[in-house]
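Note: the block below is final_17.tsv and it holds TSV, C-alpha atoms.
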```tsv
chain	number	residue	atom	x	y	z
A	1	MET	CA	19.30	-15.35	-1.15
A	2	SER	CA	17.36	-16.00	-4.36
A	3	THR	CA	14.80	-18.44	-2.93
A	4	ALA	CA	14.06	-16.17	0.02
A	5	VAL	CA	13.60	-13.14	-2.21
A	6	PHE	CA	11.18	-15.04	-4.47
A	7	ALA	CA	9.15	-16.20	-1.46
A	8	LYS	CA	8.97	-12.68	-0.08
A	9	LEU	CA	7.93	-11.21	-3.42
A	10	LYS	CA	5.16	-13.76	-3.87
A	11	SER	CA	3.73	-12.82	-0.49
A	12	ALA	CA	3.93	-9.13	-1.39
A	13	ALA	CA	2.17	-9.43	-4.75
A	14	PRO	CA	-0.12	-6.47	-5.48
A	15	GLY	CA	-3.61	-6.89	-4.10
A	16	GLN	CA	-6.45	-4.53	-4.75
A	17	TYR	CA	-5.92	-1.15	-6.41
A	18	LEU	CA	-3.47	-2.51	-9.02
A	19	GLY	CA	-0.66	-2.59	-6.49
A	20	TYR	CA	-0.80	1.12	-5.66
A	21	GLY	CA	-1.74	2.89	-2.44
A	22	MET	CA	-4.66	5.28	-2.21
A	23	GLN	CA	-2.68	8.50	-2.56
A	24	PRO	CA	-1.18	7.97	-6.07
A	25	ILE	CA	-4.55	6.71	-7.32
A	26	ARG	CA	-6.31	9.85	-6.17
A	27	LEU	CA	-3.47	12.00	-7.52
A	28	CYS	CA	-3.91	10.36	-10.92
A	29	TYR	CA	-7.69	10.78	-10.88
A	30	HIS	CA	-7.45	14.49	-10.11
A	31	LEU	CA	-4.73	15.07	-12.72
A	32	LEU	CA	-7.11	13.56	-15.28
A	33	THR	CA	-10.19	15.50	-14.15
A	34	ALA	CA	-9.09	18.80	-12.59
A	35	THR	CA	-9.99	22.10	-14.23
A	36	LYS	CA	-7.66	23.17	-17.03
A	37	GLY	CA	-4.73	25.04	-15.55
A	38	SER	CA	-4.98	23.32	-12.15
A	39	MET	CA	-2.09	21.83	-10.21
A	40	VAL	CA	-2.38	18.79	-7.94
A	41	SER	CA	-0.07	18.20	-4.98
A	42	VAL	CA	0.59	15.34	-2.57
A	43	GLU	CA	1.63	15.67	1.06
A	44	LEU	CA	1.66	19.46	0.88
A	45	TYR	CA	-1.48	20.72	2.61
A	46	ASP	CA	-3.16	17.32	2.73
A	47	ASP	CA	-2.90	13.82	1.27
A	48	VAL	CA	-3.91	15.36	-2.06
A	49	THR	CA	-4.66	19.01	-2.78
A	50	ILE	CA	-6.15	20.51	-5.94
A	51	HIS	CA	-4.82	24.00	-6.63
A	52	GLU	CA	-7.39	25.71	-8.84
A	53	PRO	CA	-6.36	28.40	-11.38
A	54	ASP	CA	-8.28	31.02	-9.35
A	55	GLY	CA	-6.17	30.25	-6.26
A	56	SER	CA	-8.79	28.20	-4.43
A	57	LEU	CA	-7.94	24.85	-2.87
A	58	VAL	CA	-9.60	21.47	-2.46
A	59	LEU	CA	-8.10	19.54	0.46
A	60	GLU	CA	-8.60	15.80	0.26
A	61	GLN	CA	-7.84	13.28	2.96
A	62	SER	CA	-8.00	9.70	1.63
A	63	LYS	CA	-8.69	6.70	3.85
A	64	SER	CA	-8.70	2.98	3.20
A	65	ALA	CA	-11.71	1.16	4.64
A	66	LEU	CA	-10.33	-2.32	4.02
A	67	LYS	CA	-10.18	-2.64	7.81
A	68	GLY	CA	-12.75	-0.78	9.89
A	69	ASN	CA	-14.87	2.24	8.99
A	70	PRO	CA	-13.00	5.57	8.92
A	71	ALA	CA	-16.34	7.30	8.20
A	72	SER	CA	-17.99	6.20	11.46
A	73	ASP	CA	-19.10	8.88	13.92
A	74	ARG	CA	-16.39	8.04	16.46
A	75	SER	CA	-13.61	7.28	14.02
A	76	VAL	CA	-10.28	8.56	15.32
A	77	GLU	CA	-9.13	8.90	11.69
A	78	LEU	CA	-12.09	11.19	10.94
A	79	TRP	CA	-11.55	13.44	13.92
A	80	LYS	CA	-7.79	13.57	13.47
A	81	THR	CA	-8.46	14.80	9.93
A	82	MET	CA	-10.94	17.41	11.20
A	83	ALA	CA	-8.37	18.62	13.75
A	84	ASN	CA	-5.62	18.84	11.14
A	85	TRP	CA	-7.87	20.83	8.83
A	86	ALA	CA	-8.74	23.23	11.65
A	87	GLU	CA	-5.04	23.78	12.36
A	88	GLN	CA	-4.16	24.71	8.78
A	89	PRO	CA	-2.63	28.21	8.48
A	90	ARG	CA	-5.32	30.87	8.20
A	91	SER	CA	-3.92	31.91	4.82
A	92	ASN	CA	-4.70	28.43	3.48
A	93	LEU	CA	-8.10	28.10	5.14
A	94	GLY	CA	-9.29	31.26	3.46
A	95	LYS	CA	-8.71	29.65	0.05
A	96	VAL	CA	-10.34	26.26	0.72
A	97	ARG	CA	-13.61	25.63	-1.11
A	98	CYS	CA	-13.90	21.96	-0.18
A	99	PHE	CA	-12.72	19.72	2.65
A	100	ARG	CA	-13.10	16.30	1.06
A	101	TYR	CA	-12.99	13.09	3.08
A	102	TYR	CA	-12.46	10.21	0.66
A	103	VAL	CA	-13.11	6.63	1.74
A	104	SER	CA	-12.81	3.36	-0.17
A	105	PRO	CA	-14.27	0.71	-0.20
A	106	LEU	CA	-17.78	2.12	0.28
A	107	LYS	CA	-18.47	3.26	3.83
A	108	ALA	CA	-20.76	5.79	5.44
A	109	GLY	CA	-21.72	7.20	8.83
A	110	LYS	CA	-24.52	9.31	10.21
A	111	LEU	CA	-22.28	12.20	11.23
A	112	VAL	CA	-20.37	12.53	7.95
A	113	GLU	CA	-23.69	12.48	6.09
A	114	GLN	CA	-25.02	15.23	8.36
A	115	MET	CA	-21.92	17.36	7.79
A	116	SER	CA	-22.09	16.80	4.03
A	117	ALA	CA	-25.70	18.00	4.05
A	118	ALA	CA	-25.22	20.92	6.48
A	119	LYS	CA	-25.19	24.16	4.49
A	120	ASP	CA	-27.63	26.24	6.53
A	121	PRO	CA	-26.07	28.19	9.46
A	122	LYS	CA	-28.71	26.73	11.81
A	123	ASP	CA	-27.75	23.12	10.93
A	124	ILE	CA	-24.04	23.93	11.17
A	125	GLY	CA	-24.54	25.59	14.56
A	126	ALA	CA	-26.48	22.59	15.87
A	127	LEU	CA	-23.64	20.25	14.92
A	128	LEU	CA	-21.09	22.53	16.59
A	129	GLU	CA	-23.07	22.58	19.82
A	130	LYS	CA	-23.32	18.79	19.71
A	131	PHE	CA	-19.53	18.49	19.34
A	132	LYS	CA	-19.00	20.66	22.42
A	133	THR	CA	-20.98	18.40	24.73
A	134	PRO	CA	-19.11	16.09	27.14
A	135	LYS	CA	-21.41	13.27	26.11
A	136	PHE	CA	-20.23	13.52	22.50
A	137	GLN	CA	-16.56	14.03	23.29
A	138	GLY	CA	-16.34	11.17	25.77
A	139	GLU	CA	-13.63	10.53	28.35
A	140	VAL	CA	-10.77	13.02	28.39
A	141	GLY	CA	-7.69	11.74	26.59
A	142	VAL	CA	-9.48	8.70	25.21
A	143	GLY	CA	-10.61	7.92	21.64
A	144	ILE	CA	-11.75	10.95	19.68
A	145	GLU	CA	-11.74	13.43	22.59
A	146	PRO	CA	-8.23	14.88	22.04
A	147	PHE	CA	-8.98	15.47	18.35
A	148	VAL	CA	-12.43	16.99	18.93
A	149	THR	CA	-10.79	19.32	21.44
A	150	ARG	CA	-8.13	20.34	18.93
A	151	PHE	CA	-10.82	20.91	16.30
A	152	LEU	CA	-12.96	23.11	18.56
A	153	ALA	CA	-9.90	25.07	19.74
A	154	ALA	CA	-9.68	26.66	16.29
A	155	GLY	CA	-12.83	28.67	17.03
A	156	ASP	CA	-16.41	28.60	15.83
A	157	ASP	CA	-15.75	30.46	12.57
A	158	ILE	CA	-13.17	27.97	11.33
A	159	CYS	CA	-15.09	24.93	12.60
A	160	ALA	CA	-18.27	26.20	10.91
A	161	LYS	CA	-16.43	26.66	7.62
A	162	ILE	CA	-15.05	23.12	7.73
A	163	ILE	CA	-18.52	21.71	8.37
A	164	GLU	CA	-20.07	23.85	5.63
A	165	PHE	CA	-17.53	22.79	3.03
A	166	PHE	CA	-17.17	19.19	4.23
A	167	GLU	CA	-17.73	16.54	1.56
A	168	LEU	CA	-17.76	12.75	1.90
A	169	VAL	CA	-16.86	10.77	-1.23
A	170	SER	CA	-16.77	6.98	-1.19
A	171	ASP	CA	-16.11	4.43	-3.95
A	172	ALA	CA	-16.26	0.65	-3.98
A	173	ASP	CA	-12.79	0.65	-5.57
A	174	PRO	CA	-10.69	3.84	-5.87
A	175	VAL	CA	-9.57	2.81	-9.36
A	176	ASP	CA	-13.18	2.73	-10.60
A	177	PRO	CA	-13.34	6.50	-11.32
A	178	ILE	CA	-10.17	6.18	-13.44
A	179	ARG	CA	-11.56	3.13	-15.22
A	180	ALA	CA	-14.69	5.17	-15.98
A	181	LYS	CA	-12.53	7.77	-17.75
A	182	PHE	CA	-11.03	5.13	-20.05
A	183	THR	CA	-13.72	2.48	-20.42
A	184	ALA	CA	-15.27	3.91	-23.60
A	185	LEU	CA	-11.92	3.90	-25.39
A	186	ILE	CA	-9.99	0.91	-24.03
A	187	PRO	CA	-10.83	-2.80	-24.42
A	188	ASP	CA	-11.75	-4.53	-21.18
A	189	GLU	CA	-8.78	-6.89	-21.40
A	190	THR	CA	-6.28	-4.02	-21.23
A	191	LEU	CA	-8.24	-1.56	-19.09
A	192	ASP	CA	-6.42	-2.35	-15.84
A	193	GLN	CA	-3.03	-2.16	-17.58
A	194	PHE	CA	-4.05	1.25	-18.88
A	195	CYS	CA	-5.08	2.40	-15.40
A	196	ALA	CA	-1.92	1.04	-13.78
A	197	ALA	CA	0.23	2.87	-16.33
A	198	ALA	CA	-1.58	6.16	-15.70
A	199	ILE	CA	-1.30	5.82	-11.92
A	200	GLY	CA	2.37	4.91	-12.25
A	201	MET	CA	3.03	8.00	-14.37
A	202	ALA	CA	1.32	10.24	-11.81
A	203	LYS	CA	3.32	8.70	-8.98
A	204	ASP	CA	6.58	9.02	-10.92
A	205	ASP	CA	5.87	12.71	-11.56
A	206	SER	CA	5.38	13.42	-7.86
A	207	ASP	CA	8.27	11.17	-6.76
A	208	LYS	CA	10.71	12.98	-9.07
A	209	LEU	CA	9.83	16.29	-7.43
A	210	ILE	CA	10.17	14.82	-3.94
A	211	ARG	CA	13.58	13.34	-4.78
A	212	ALA	CA	14.63	16.76	-6.06
A	213	LYS	CA	13.52	18.18	-2.67
A	214	GLN	CA	10.82	20.25	-4.36
A	215	PRO	CA	7.12	20.47	-3.42
A	216	ALA	CA	5.26	17.63	-5.16
A	217	ILE	CA	2.93	19.85	-7.18
A	218	VAL	CA	2.12	18.36	-10.59
A	219	SER	CA	0.58	20.27	-13.49
A	220	ALA	CA	-2.63	18.64	-14.68
A	221	SER	CA	-2.12	20.02	-18.19
A	222	ALA	CA	1.44	18.69	-18.42
A	223	PHE	CA	0.35	15.29	-17.11
A	224	ARG	CA	-2.43	15.03	-19.70
A	225	ARG	CA	-0.05	16.08	-22.47
A	226	ASN	CA	2.47	13.42	-21.45
A	227	TRP	CA	-0.29	10.86	-21.07
A	228	ARG	CA	-1.57	11.52	-24.60
A	229	ALA	CA	1.99	11.11	-25.93
A	230	PHE	CA	2.30	7.86	-23.99
A	231	ILE	CA	-0.92	6.55	-25.53
A	232	ARG	CA	0.30	7.40	-29.02
A	233	LYS	CA	3.62	5.63	-28.40
A	234	TYR	CA	2.28	2.35	-27.07
A	235	GLU	CA	-0.32	-0.20	-27.87
A	236	PHE	CA	-1.42	-1.61	-24.56
A	237	SER	CA	-1.16	-5.17	-25.75
A	238	GLY	CA	2.57	-4.39	-25.95
A	239	LEU	CA	3.01	-3.15	-22.39
A	240	LEU	CA	4.46	-4.99	-19.43
A	241	ASN	CA	3.83	-2.81	-16.39
A	242	PRO	CA	6.04	-2.59	-13.29
A	243	THR	CA	4.70	-4.51	-10.29
A	244	MET	CA	6.85	-2.92	-7.60
A	245	ASP	CA	7.68	0.67	-6.71
A	246	VAL	CA	11.28	1.87	-6.43
A	247	PRO	CA	12.59	0.30	-3.19
A	248	GLN	CA	13.17	2.58	-0.23
A	249	ASP	CA	16.75	3.41	0.76
A	250	GLN	CA	16.51	1.20	3.84
A	251	GLN	CA	15.39	-1.77	1.73
A	252	ILE	CA	18.36	-1.30	-0.58
A	253	SER	CA	20.76	-0.94	2.35
A	254	ALA	CA	19.39	-4.13	3.89
A	255	VAL	CA	20.10	-6.10	0.71
A	256	VAL	CA	23.57	-4.57	0.30
A	257	GLY	CA	24.28	-5.53	3.91
A	258	THR	CA	23.67	-9.22	3.18
A	259	SER	CA	26.36	-9.16	0.44
A	260	PRO	CA	24.51	-11.28	-2.13
A	261	THR	CA	26.59	-12.68	-4.97
A	262	PHE	CA	25.55	-10.09	-7.54
A	263	VAL	CA	26.65	-7.28	-5.17
A	264	ARG	CA	29.98	-9.04	-4.58
A	265	GLN	CA	30.39	-9.39	-8.35
A	266	LEU	CA	30.06	-5.61	-8.67
A	267	SER	CA	32.37	-5.01	-5.71
A	268	ALA	CA	34.98	-7.22	-7.42
A	269	VAL	CA	35.33	-4.60	-10.17
A	270	LYS	CA	35.14	-1.67	-7.71
A	271	ALA	CA	31.74	-0.43	-8.91
A	272	THR	CA	30.68	2.82	-7.25
A	273	GLU	CA	28.14	2.83	-4.41
A	274	SER	CA	25.63	4.52	-6.72
A	275	ILE	CA	25.94	1.74	-9.31
A	276	VAL	CA	25.59	-0.95	-6.62
A	277	ARG	CA	22.48	0.63	-5.09
A	278	THR	CA	20.85	1.09	-8.50
A	279	ALA	CA	21.68	-2.53	-9.30
A	280	VAL	CA	19.96	-3.68	-6.10
A	281	SER	CA	16.87	-1.63	-6.92
A	282	ASP	CA	16.75	-3.00	-10.47
A	283	PHE	CA	17.32	-6.56	-9.20
A	284	LEU	CA	14.43	-6.39	-6.71
A	285	ARG	CA	12.02	-4.81	-9.18
A	286	ALA	CA	12.85	-7.28	-11.95
A	287	LEU	CA	12.36	-10.17	-9.53
A	288	SER	CA	8.97	-8.83	-8.52
A	289	ASP	CA	7.96	-8.42	-12.16
A	290	LYS	CA	9.00	-11.96	-13.11
A	291	VAL	CA	7.05	-13.49	-10.24
A	292	ASN	CA	3.92	-11.43	-10.73
A	293	TRP	CA	3.83	-11.45	-14.54
A	294	ALA	CA	4.11	-15.24	-14.50
A	295	ASP	CA	1.52	-15.62	-11.72
A	296	ASP	CA	-0.90	-13.30	-13.53
A	297	GLY	CA	-0.43	-15.06	-16.88
A	298	GLU	CA	1.07	-11.95	-18.43
A	299	ILE	CA	4.00	-13.95	-19.83
A	300	VAL	CA	4.95	-17.56	-20.49
A	301	GLU	CA	7.66	-18.57	-18.02
A	302	SER	CA	9.74	-20.22	-20.73
A	303	SER	CA	10.07	-16.79	-22.36
A	304	LEU	CA	12.24	-15.72	-19.43
A	305	GLU	CA	14.58	-18.61	-20.11
A	306	GLU	CA	14.80	-17.52	-23.76
A	307	LEU	CA	15.55	-13.98	-22.63
A	308	ASP	CA	18.32	-15.25	-20.34
A	309	VAL	CA	19.92	-17.16	-23.20
A	310	SER	CA	19.88	-13.94	-25.24
A	311	LEU	CA	21.43	-11.96	-22.39
A	312	LEU	CA	24.15	-14.56	-21.83
A	313	ARG	CA	24.99	-14.43	-25.53
A	314	HIS	CA	25.15	-10.62	-25.45
A	315	HIS	CA	27.39	-10.76	-22.36
A	316	GLY	CA	29.77	-13.26	-23.97
A	317	LEU	CA	30.11	-11.30	-27.22
A	318	THR	CA	30.59	-8.00	-25.36
A	319	GLU	CA	33.15	-9.56	-23.03
A	320	ASP	CA	35.16	-10.83	-26.05
A	321	GLU	CA	34.95	-7.46	-27.78
A	322	ILE	CA	36.21	-5.57	-24.72
A	323	ALA	CA	39.05	-8.05	-24.27
A	324	ASP	CA	40.12	-7.45	-27.89
A	325	VAL	CA	39.58	-3.72	-28.19
A	326	HIS	CA	40.37	-2.59	-24.65
A	327	SER	CA	43.11	-5.00	-23.62
A	328	HIS	CA	45.17	-2.01	-22.43
A	329	LEU	CA	42.69	-1.40	-19.59
A	330	ASP	CA	43.19	-3.03	-16.22
A	331	PRO	CA	40.81	-5.90	-15.36
A	332	LEU	CA	38.66	-3.80	-13.05
A	333	ALA	CA	38.09	-1.11	-15.66
A	334	ARG	CA	37.24	-3.77	-18.27
A	335	GLY	CA	34.75	-5.27	-15.86
A	336	ARG	CA	33.03	-1.95	-15.21
A	337	GLN	CA	32.84	-1.26	-18.93
A	338	LEU	CA	31.36	-4.72	-19.53
A	339	TYR	CA	28.68	-4.07	-16.89
A	340	ARG	CA	27.73	-0.71	-18.39
A	341	ARG	CA	27.56	-2.13	-21.90
A	342	CYS	CA	25.33	-4.99	-20.77
A	343	ILE	CA	22.80	-3.00	-18.76
A	344	GLU	CA	22.41	-0.47	-21.57
A	345	LEU	CA	20.84	-3.22	-23.68
A	346	GLN	CA	17.11	-2.85	-24.32
A	347	THR	CA	15.30	-5.82	-25.77
A	348	PRO	CA	11.63	-6.86	-25.70
A	349	LEU	CA	10.10	-9.90	-24.00
A	350	GLU	CA	7.57	-11.76	-26.15
A	351	GLY	CA	7.66	-8.72	-28.42
A	352	ARG	CA	6.50	-6.48	-25.58
A	353	GLU	CA	8.16	-3.39	-24.14
A	354	LEU	CA	9.99	-3.97	-20.84
A	355	PRO	CA	10.39	-1.39	-18.04
A	356	SER	CA	13.74	0.40	-18.34
A	357	TYR	CA	15.22	-1.25	-15.24
A	358	PHE	CA	14.30	-4.82	-16.15
A	359	ILE	CA	17.31	-5.83	-18.28
A	360	SER	CA	19.70	-4.47	-15.67
A	361	GLY	CA	17.82	-6.42	-13.00
A	362	GLU	CA	17.94	-9.61	-15.06
A	363	PHE	CA	21.68	-9.28	-15.74
A	364	ASN	CA	22.20	-8.94	-11.99
A	365	TRP	CA	20.00	-11.98	-11.44
A	366	LEU	CA	22.24	-13.97	-13.78
A	367	ALA	CA	25.28	-12.63	-11.92
A	368	ASP	CA	23.70	-13.73	-8.65
A	369	GLU	CA	23.37	-17.22	-10.12
A	370	CYS	CA	27.04	-17.05	-11.26
A	371	ARG	CA	25.97	-17.65	-14.85
A	372	LEU	CA	27.94	-14.57	-15.86
A	373	GLY	CA	30.11	-11.95	-14.22
A	374	TRP	CA	31.97	-8.70	-14.71
A	375	HIS	CA	35.58	-9.35	-13.66
A	376	PRO	CA	37.62	-11.10	-16.38
A	377	ASP	CA	38.27	-13.89	-13.81
A	378	HIS	CA	34.66	-14.11	-12.63
A	379	LYS	CA	34.45	-17.85	-13.40
A	380	ILE	CA	37.27	-18.51	-10.95
A	381	MET	CA	36.19	-15.92	-8.38
A	382	PHE	CA	32.50	-16.87	-8.49
A	383	PRO	CA	32.21	-20.46	-9.69
A	384	ALA	CA	28.73	-21.62	-10.69
A	385	ALA	CA	27.11	-24.13	-8.35
A	386	VAL	CA	27.27	-27.71	-9.61
A	387	SER	CA	23.74	-29.09	-9.90
```

How would this structure read if it were set down as structure tokens?
Amino acid sequence: MSTAVFAKLKSAAPGQYLGYGMQPIRLCYHLLTATKGSMVSVELYDDVTIHEPDGSLVLEQSKSALKGNPASDRSVELWKTMANWAEQPRSNLGKVRCFRYYVSPLKAGKLVEQMSAAKDPKDIGALLEKFKTPKFQGEVGVGIEPFVTRFLAAGDDICAKIIEFFELVSDADPVDPIRAKFTALIPDETLDQFCAAAIGMAKDDSDKLIRAKQPAIVSASAFRRNWRAFIRKYEFSGLLNPTMDVPQDQQISAVVGTSPTFVRQLSAVKATESIVRTAVSDFLRALSDKVNWADDGEIVESSLEELDVSLLRHHGLTEDEIADVHSHLDPLARGRQLYRRCIELQTPLEGRELPSYFISGEFNWLADECRLGWHPDHKIMFPAAVS
């Protein structure tokens, strides 16, 4: 399994945008810049929504232009967004002060520029009449036609409001506005680390709410307070940032289903399903980090070998201690206690802070290689391969 996982992780290394999708980047930007007292949500009314203290809303739909132009006049993405805005509940539409269409990298189109500029009722009316023509809509059921029809079905008043408050925003790189917030304070060599950490914090805040089955509405003030505390705690030369998000449930299930050695090592001591699934998540994230940190020159690869030696030593000493102090426990209980004691360890790499999951992931990597194990008889049950 190990070789295949490494190959897959190398091919999935973060590309542009520091490894994050558009939505968490825009969430982070708005949490940093929104009016004091604002809240920012994801996937509530739109991709990102700013909830102003006075009750007004800014709806933002964010589109990647890495392939194609979502700002072109006949973009299905554009007209689907317009239709979705028009179908918002009336109670929401009455509060919206901006319908923002965000595109990155830089793209433009004649129509979106006309809508952005249209503030006069005459100009707005002219655009509405244009949208109603068969020539503009095109063939029924093809391309943009179904979405233009949905948009117009909301009525002239709503359509006119969307046009009036329509705003196109486009950046060469969506991280650039965040970099601009930090560039005066942070050295160039750590600026992207700084941005990645901020985006990761914003995403974590929203993900925690989603996992708790609550609306993902994050307080801008609370985010800034936590971010300031984070800055005070760390020097960015001492940070090693995660390179992979928490795996989805289906990814974890797929790995568990292949019964890799480290999962079988945990099963041998009757670890709970929760522990096994967390171990798989930690294993995958640590693997991604090792590959990408080494590829990016963040760490010297030999440092990982030194870390492994340290972890093996910790495992051996802890295993001996448990055998002496807890000899009354059955082998499975001793194995579970050994696992918990090992993954609780926190130690730096090259003097730099590691993500909280990394040591657990690395212990499971060593278990996958049969260099250590949890059952007292792990050397017999899972013999190391002879090289």

Provide the CA of Trp227 in chain A to CA of Asp176 in chain A distance in Å, to one decimal place.
18.5 Å

Check the smallest atom-to-atom distance from each of A:Tyr101, A:Val300, A:Lys80, A:Gln88 to Gln61 in chain A using only C-alpha atoms, then report the winner.
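Looking only at the distances to Gln61 in chain A, the closest residue turns out to be A:Tyr101.
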
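What separates CA of Val280 in chain A from CA of Tyr339 in chain A is a distance of 13.9 Å.
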
Point-to-point distance in Å for CA of Ala323 in chain A and CA of Ser356 in chain A
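Computing the Euclidean distance for CA of Ser356 in chain A and CA of Ala323 in chain A yields 27.3 Å.
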
Can you work out which one of A:Leu239, A:Leu372, A:Leu66, A:Ala367 has the shortest atom-to-atom distance to Gly21 in chain A, counting all atoms listed in the file?
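Closest candidate: A:Leu66.
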
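Counting only C-alpha atoms and comparing A:Trp79, A:Trp374, A:Tyr45, A:Phe283, the residue that lies closest to Gly143 in chain A is A:Trp79.
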
With only C-alpha atoms as the basis for distance, which of A:Ile144, A:Ala268, A:Asp156, A:Glu319 is at the shortest distance from Ala126 in chain A?
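Of A:Ile144, A:Ala268, A:Asp156, A:Glu319, the one nearest Ala126 in chain A is A:Asp156, counting only C-alpha atoms.
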
Protein/DNA/RNA residues near (27.1, -7.4, -1.8), cut 12 Å, only C-alpha atoms, as a list in words
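Those residues lying close to the given coordinates are Met1, Ile252, Ser253, Ala254, Val255, Val256, Gly257, Thr258, Ser259, Pro260, Thr261, Phe262, Val263, Arg264, Gln265, Leu266, Ser267, Ala268, Lys270, Ala271, Glu273, Ile275, Val276, Arg277, Ala279, Val280, Asn364, Ala367 and Asp368 of chain A.
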
Writer output for current selection, C-alpha atoms, as a compact mmCIF listing (two decimals), in the coordinates of the input:
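Result file follows (out-v4.txt):
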```txt
# COMPACT_ATOMS: atom_id res chain seq x y z
CA MET A 1 19.30 -15.35 -1.15
CA ILE A 252 18.36 -1.30 -0.58
CA SER A 253 20.76 -0.94 2.35
CA ALA A 254 19.39 -4.13 3.89
CA VAL A 255 20.10 -6.10 0.71
CA VAL A 256 23.57 -4.57 0.30
CA GLY A 257 24.28 -5.53 3.91
CA THR A 258 23.67 -9.22 3.18
CA SER A 259 26.36 -9.16 0.44
CA PRO A 260 24.51 -11.28 -2.13
CA THR A 261 26.59 -12.68 -4.97
CA PHE A 262 25.55 -10.09 -7.54
CA VAL A 263 26.65 -7.28 -5.17
CA ARG A 264 29.98 -9.04 -4.58
CA GLN A 265 30.39 -9.39 -8.35
CA LEU A 266 30.06 -5.61 -8.67
CA SER A 267 32.37 -5.01 -5.71
CA ALA A 268 34.98 -7.22 -7.42
CA LYS A 270 35.14 -1.67 -7.71
CA ALA A 271 31.74 -0.43 -8.91
CA GLU A 273 28.14 2.83 -4.41
CA ILE A 275 25.94 1.74 -9.31
CA VAL A 276 25.59 -0.95 -6.62
CA ARG A 277 22.48 0.63 -5.09
CA ALA A 279 21.68 -2.53 -9.30
CA VAL A 280 19.96 -3.68 -6.10
CA ASN A 364 22.20 -8.94 -11.99
CA ALA A 367 25.28 -12.63 -11.92
CA ASP A 368 23.70 -13.73 -8.65
```

At a cut-off of 9 Å, using all atoms listed in the file, what residues contact Gln114 in chain A? Leave out same-chain residues fewer than 4 positions from it and give the result as a list in words.
Gly109, Lys110, Ala118, Asp123 and Leu127 of chain A

Mind checking which residues fall within 12 Å of Arg74 in chain A, counting only C-alpha atoms, ignoring those fewer than 2 positions away in the same chain, and posting them as an MDAnalysis selection string?
chainID A and resid 68:72 76:80 109:112 131 136:138 142:145 147:148
